[in-house]
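A.B. asks: What follows is a single structure, and I will ask about it in a moment.
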Amino acid sequence: ALLLKRFAWDRMMRLRLARKLARRLRMLHRDPISLAASLALVPVRRRSRADLPLERSADSRIDQLERFRRVLATLGFTNVVVVLDRIDEPTLVSGDPERMRAIIWPMLNSKFLQQERVGFKLLLPVELRHSLFRESSAFFQEARLDKQNFIDRLTWTGATLYDLCTARLRACSTEEENGDASKLALTQLFDEDVSRQDIVDALNQMHQPRDAFKFMYQCIQEHCSNVTEEQAAWRIPRLILETVRKQQADRVQELYRGVRPA
């Protein structure tokens with residue numbers, strides 16, 4: 001009877017439990033037989049529903065994360081910071097707002113975001129901002145974004161973007177080509193009648209680094225496409241700066257209003 005229980009009944013119960021775990025642990029890609037072999041190494045008292053993620057509720061998963069944090073604490077890692085970025089870039093997402101929403105929305109839970117010694121920083125695309133503000137009041141009551149240090153829109157000042165673009169310019173240069181690369185400035189790309197403040201004001205309308213880089217690229221592209229090599233006009237005139245500034249500023253505003261994609 002003991003042999004029958006150990007080699008038949010216990011094995012069948014472990015396989016049954018492993019099948020339930022395989023349905024819940026969708027990120028592991030392990031078959032039930034492999035999970036059953038791992039469960040054989042776990043004491044029986046640790047195979048209860050309270051210790052394994054067998055329920056559909058988020059509470060069991062949060063408990064699992066808390067146990068994982070306690071394990072890390074014994075190794076000297078007392079705090080955990082999770083940074084989530086570029087959610088629109090994976091091939092299975094490909095910038096689809098609905099797929100991004102399916103990934104992010106389950107995380108917008110007050111209990112999940114306010115775990116002890118676990119911090120989350122979610123850097124999300126602007127497309128999700130439009131979906132967020134269409135949610136019901138019940139969603140906001142559950143997420144409690146007012147307690148999560150929620151920032152509606154990250155923006156950079158024109159001066160900060162000017163320094164960032166200048167740093168990019170210097171990183172693309174060498175001392176052999178331009179002498180001291182640390183003396184390069186963004187104003188050297190434009191005519192003498194274009195001041196530093198004109199460039200800063202234009203970049204101030206871009207708000208974000210990616211849009212600032214698009215603005216600079218468009219200025220260079222427009223100038224190069226309208227000037228021949230014989231003219232030897234290597235600096236961007238004010239007219240190109242103002243034209244591109246208006247185009248890019250309109251594009252950024254339409255992006256924030258949800259009229260056009262990024």
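By order of appearance in the structure tokens: chains A, B, ..., then residues from 1 within every chain, and ligands from 1 in the order shown.
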Show which residues sit within 12 Å of Arg101 of chain A, as a list in words. Count only C-alpha atoms, and ignore same-chain residues fewer than 4 positions away.

C.D. replies: Ile87, Asp88, Val93, Gly95, Asp96, Pro97, Trp105, Pro106, Met107, Leu108, Leu124, Pro125, Val126, Glu127, Leu128, Arg129, His130, Ser131, Leu132 and Glu135 of chain A

A.B. asks: Next, the residues of the selection above should be written as a compact mmCIF listing (two decimals), in the first residue's frame with all heavy atoms.

C.D. replies:
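out-v3.txt, written as the output of this step:
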# COMPACT_ATOMS: atom_id res chain seq x y z
N ILE A 87 8.05 49.48 -24.27
CA ILE A 87 7.02 48.46 -24.33
C ILE A 87 6.44 48.34 -25.73
O ILE A 87 5.84 47.32 -26.09
CB ILE A 87 5.90 48.77 -23.30
CG1 ILE A 87 4.91 47.62 -23.18
CG2 ILE A 87 5.18 50.05 -23.68
CD1 ILE A 87 5.51 46.35 -22.68
N ASP A 88 6.64 49.37 -26.58
CA ASP A 88 6.09 49.34 -27.93
C ASP A 88 7.02 48.69 -28.95
O ASP A 88 6.63 48.52 -30.10
CB ASP A 88 5.78 50.76 -28.39
CG ASP A 88 7.00 51.67 -28.30
OD1 ASP A 88 7.87 51.41 -27.46
OD2 ASP A 88 7.08 52.65 -29.07
N VAL A 93 4.32 43.10 -30.10
CA VAL A 93 3.53 44.29 -29.78
C VAL A 93 3.48 45.22 -30.98
O VAL A 93 2.40 45.65 -31.41
CB VAL A 93 4.11 45.02 -28.55
CG1 VAL A 93 3.31 46.29 -28.28
CG2 VAL A 93 4.08 44.11 -27.33
N GLY A 95 3.98 48.30 -31.49
CA GLY A 95 3.34 49.59 -31.34
C GLY A 95 1.83 49.56 -31.28
O GLY A 95 1.19 50.62 -31.32
N ASP A 96 1.22 48.38 -31.19
CA ASP A 96 -0.24 48.27 -31.13
C ASP A 96 -0.72 48.71 -29.74
O ASP A 96 -0.37 48.09 -28.74
CB ASP A 96 -0.66 46.82 -31.39
CG ASP A 96 -2.17 46.69 -31.50
OD1 ASP A 96 -2.88 47.68 -31.23
OD2 ASP A 96 -2.66 45.60 -31.84
N PRO A 97 -1.52 49.78 -29.63
CA PRO A 97 -1.97 50.26 -28.31
C PRO A 97 -2.74 49.22 -27.52
O PRO A 97 -2.62 49.15 -26.29
CB PRO A 97 -2.83 51.47 -28.66
CG PRO A 97 -2.36 51.92 -30.00
CD PRO A 97 -1.97 50.66 -30.72
N TRP A 105 -2.01 47.29 -18.22
CA TRP A 105 -3.17 47.54 -17.36
C TRP A 105 -3.23 46.63 -16.13
O TRP A 105 -3.61 47.09 -15.06
CB TRP A 105 -4.45 47.43 -18.19
CG TRP A 105 -5.05 48.77 -18.55
CD1 TRP A 105 -6.35 49.15 -18.39
CD2 TRP A 105 -4.39 49.89 -19.16
NE1 TRP A 105 -6.52 50.43 -18.87
CE2 TRP A 105 -5.35 50.91 -19.33
CE3 TRP A 105 -3.07 50.13 -19.56
CZ2 TRP A 105 -5.03 52.15 -19.88
CZ3 TRP A 105 -2.76 51.36 -20.11
CH2 TRP A 105 -3.72 52.35 -20.26
N PRO A 106 -2.89 45.33 -16.21
CA PRO A 106 -2.91 44.52 -14.98
C PRO A 106 -1.92 45.01 -13.92
O PRO A 106 -2.10 44.71 -12.73
CB PRO A 106 -2.52 43.11 -15.48
CG PRO A 106 -2.95 43.10 -16.91
CD PRO A 106 -2.69 44.49 -17.41
N MET A 107 -0.89 45.76 -14.32
CA MET A 107 0.08 46.28 -13.35
C MET A 107 -0.45 47.52 -12.63
O MET A 107 0.06 47.87 -11.56
CB MET A 107 1.40 46.64 -14.04
CG MET A 107 2.09 45.49 -14.71
SD MET A 107 3.67 46.01 -15.41
CE MET A 107 4.12 44.52 -16.31
N LEU A 108 -1.43 48.19 -13.21
CA LEU A 108 -1.96 49.41 -12.60
C LEU A 108 -2.93 49.06 -11.48
O LEU A 108 -4.13 49.31 -11.55
CB LEU A 108 -2.63 50.29 -13.66
CG LEU A 108 -1.71 50.74 -14.81
CD1 LEU A 108 -2.47 51.62 -15.77
CD2 LEU A 108 -0.47 51.43 -14.28
N LEU A 124 6.05 54.87 -20.28
CA LEU A 124 5.07 54.36 -21.24
C LEU A 124 4.90 55.31 -22.42
O LEU A 124 5.06 56.53 -22.28
CB LEU A 124 3.71 54.18 -20.54
CG LEU A 124 3.74 53.28 -19.29
CD1 LEU A 124 2.37 53.22 -18.66
CD2 LEU A 124 4.25 51.89 -19.63
N PRO A 125 4.57 54.77 -23.60
CA PRO A 125 4.36 55.61 -24.79
C PRO A 125 3.13 56.50 -24.63
O PRO A 125 2.23 56.23 -23.83
CB PRO A 125 4.16 54.59 -25.91
CG PRO A 125 4.71 53.31 -25.38
CD PRO A 125 4.50 53.34 -23.90
N VAL A 126 3.09 57.56 -25.43
CA VAL A 126 2.01 58.52 -25.33
C VAL A 126 0.69 57.91 -25.77
O VAL A 126 -0.39 58.38 -25.37
CB VAL A 126 2.35 59.78 -26.16
CG1 VAL A 126 2.34 59.46 -27.65
CG2 VAL A 126 1.40 60.93 -25.85
N GLU A 127 0.72 56.85 -26.60
CA GLU A 127 -0.54 56.22 -27.04
C GLU A 127 -1.33 55.69 -25.85
O GLU A 127 -2.57 55.71 -25.87
CB GLU A 127 -0.24 55.09 -28.02
CG GLU A 127 0.26 55.54 -29.37
CD GLU A 127 1.76 55.75 -29.41
OE1 GLU A 127 2.40 55.64 -28.34
OE2 GLU A 127 2.30 56.00 -30.49
N LEU A 128 -0.65 55.20 -24.82
CA LEU A 128 -1.35 54.69 -23.65
C LEU A 128 -1.97 55.82 -22.82
O LEU A 128 -2.90 55.58 -22.06
CB LEU A 128 -0.39 53.87 -22.78
CG LEU A 128 0.03 52.53 -23.37
CD1 LEU A 128 1.00 51.81 -22.44
CD2 LEU A 128 -1.18 51.64 -23.63
N ARG A 129 -1.44 57.02 -22.96
CA ARG A 129 -2.02 58.16 -22.25
C ARG A 129 -3.45 58.41 -22.72
O ARG A 129 -4.35 58.68 -21.91
CB ARG A 129 -1.16 59.39 -22.48
CG ARG A 129 -1.70 60.68 -21.89
CD ARG A 129 -0.73 61.83 -22.13
NE ARG A 129 -1.24 63.07 -21.61
CZ ARG A 129 -1.95 63.95 -22.30
NH1 ARG A 129 -2.23 63.68 -23.58
NH2 ARG A 129 -2.39 65.06 -21.77
N HIS A 130 -3.67 58.30 -24.04
CA HIS A 130 -5.01 58.52 -24.57
C HIS A 130 -5.96 57.41 -24.08
O HIS A 130 -7.12 57.69 -23.74
CB HIS A 130 -4.97 58.54 -26.09
CG HIS A 130 -3.92 59.47 -26.65
ND1 HIS A 130 -3.72 60.73 -26.15
CD2 HIS A 130 -3.01 59.30 -27.65
CE1 HIS A 130 -2.74 61.32 -26.82
NE2 HIS A 130 -2.28 60.47 -27.73
N SER A 131 -5.48 56.17 -24.03
CA SER A 131 -6.33 55.06 -23.54
C SER A 131 -6.62 55.21 -22.05
O SER A 131 -7.71 54.87 -21.59
CB SER A 131 -5.63 53.72 -23.80
OG SER A 131 -5.40 53.52 -25.18
N LEU A 132 -5.64 55.72 -21.30
CA LEU A 132 -5.81 55.85 -19.85
C LEU A 132 -6.92 56.82 -19.49
O LEU A 132 -7.76 56.54 -18.62
CB LEU A 132 -4.48 56.31 -19.23
CG LEU A 132 -4.49 56.52 -17.71
CD1 LEU A 132 -4.73 55.20 -17.00
CD2 LEU A 132 -3.18 57.14 -17.25
N GLU A 135 -10.59 55.67 -19.48
CA GLU A 135 -11.05 54.67 -18.53
C GLU A 135 -12.10 55.24 -17.59
O GLU A 135 -12.25 56.46 -17.44
CB GLU A 135 -9.86 54.14 -17.71
CG GLU A 135 -8.89 53.29 -18.51
CD GLU A 135 -9.49 51.95 -18.93
OE1 GLU A 135 -10.49 51.54 -18.31
OE2 GLU A 135 -8.97 51.34 -19.87

A.B. asks: Give me, as a PyMOL selection string, the residues of segment 17-204 of chain A that a backbone DSSP run labels alpha helix (DSSP H).

C.D. replies: chain A and resi 17-24+32-39+58-74+97-104+110-113+126-132+137-143+158-171+175-178+196-204

A.B. asks: Measuring between only C-alpha atoms, which one of A:Ile104, A:Val118, A:Cys219, A:Met27 shows the shortest distance to Phe68 of chain A?

C.D. replies: A:Val118

A.B. asks: So how far away is atom CA of Asp193 of chain A from atom CA of Glu230 of chain A, in Å?

C.D. replies: 22.1 Å

A.B. asks: Against segment 199-205 of chain A, which residues of segment 95-179 of chain A fall within 12 Å? For each one I want the closest pair of atoms and the distance in Å (one decimal), counting only C-alpha atoms, rows by chain and increasing residue number, as a tab-separated table.

C.D. replies:
residue	atom	partner	partner_atom	distance
A:Thr155	CA	A:Asn204	CA	9.1
A:Trp156	CA	A:Asn204	CA	7.5
A:Thr157	CA	A:Asn204	CA	5.4
A:Gly158	CA	A:Asn204	CA	3.6
A:Ala159	CA	A:Val200	CA	5.6
A:Thr160	CA	A:Val200	CA	8.6
A:Leu161	CA	A:Leu203	CA	6.4
A:Tyr162	CA	A:Val200	CA	6.0
A:Asp163	CA	A:Val200	CA	9.4
A:Leu164	CA	A:Leu203	CA	10.6
A:Cys165	CA	A:Leu203	CA	9.6
A:Thr166	CA	A:Ile199	CA	11.3

A.B. asks: Taking 4 positions as the minimum chain separation for residues in the same chain, which residues sit within 8 Å of Gln248 of chain A when counting only C-alpha atoms? Answer as a list in words.

C.D. replies: Met206, Asp211, Phe215, Val244 and Val252 of chain A

A.B. asks: Using only C-alpha atoms, which of A:Ile62, A:Val81, A:Ala167, A:Leu92 sits nearest Phe112 of chain A?

C.D. replies: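 Among A:Ile62, A:Val81, A:Ala167, A:Leu92, it is A:Ile62 that comes nearest to Phe112 of chain A.
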
A.B. asks: Env of Glu222 of chain A: 9 Å cut, atoms = only C-alpha atoms, seq-sep filter 5 positions within chain, self excluded. Answer as a list in words.

C.D. replies: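 Close residues of Glu222 of chain A: Tyr217, Val227, Ile236, Ile240 and Val244 of chain A.
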
A.B. asks: Got a sec: who's within 10 Å of Leu39 of chain A, counting only C-alpha atoms, leaving out chain neighbours fewer than 6 positions off, as a PyMOL selection string?

C.D. replies: chain A and resi 11+14-15+17-18+33+46-47

A.B. asks: Counting only C-alpha atoms, which of A:Arg117, A:Tyr256, A:Lys111, A:Gly76 gets nearest to Asp152 of chain A?

C.D. replies: A:Tyr256

A.B. asks: Please identify which residues in segment 75-106 of chain A DSSP calls strand (DSSP E) from the backbone, and express them as a list in words.

C.D. replies: Val80, Val81, Val82, Val83 and Leu84 of chain A

A.B. asks: In Å, with one decimal, what is the gap from atom CA of Met13 of chain A to atom CA of Glu55 of chain A?

C.D. replies: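 Answer for the atom CA of Met13 of chain A to atom CA of Glu55 of chain A separation: 17.5 Å.
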
A.B. asks: Tell me, as a list in words, which residues lie within 8 Å of segment 181-190 of chain A, counting only C-alpha atoms; anything in the same chain fewer than 3 positions away does not count.

C.D. replies: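 My reading of the contact set: Tyr162, Cys165, Thr166, Leu169, Arg170, Ser173, Thr174, Glu175, Asn178, Val194, Ser195, Arg196, Ile199, Trp234, Arg235, Ile236, Pro237 and Arg238 of chain A.
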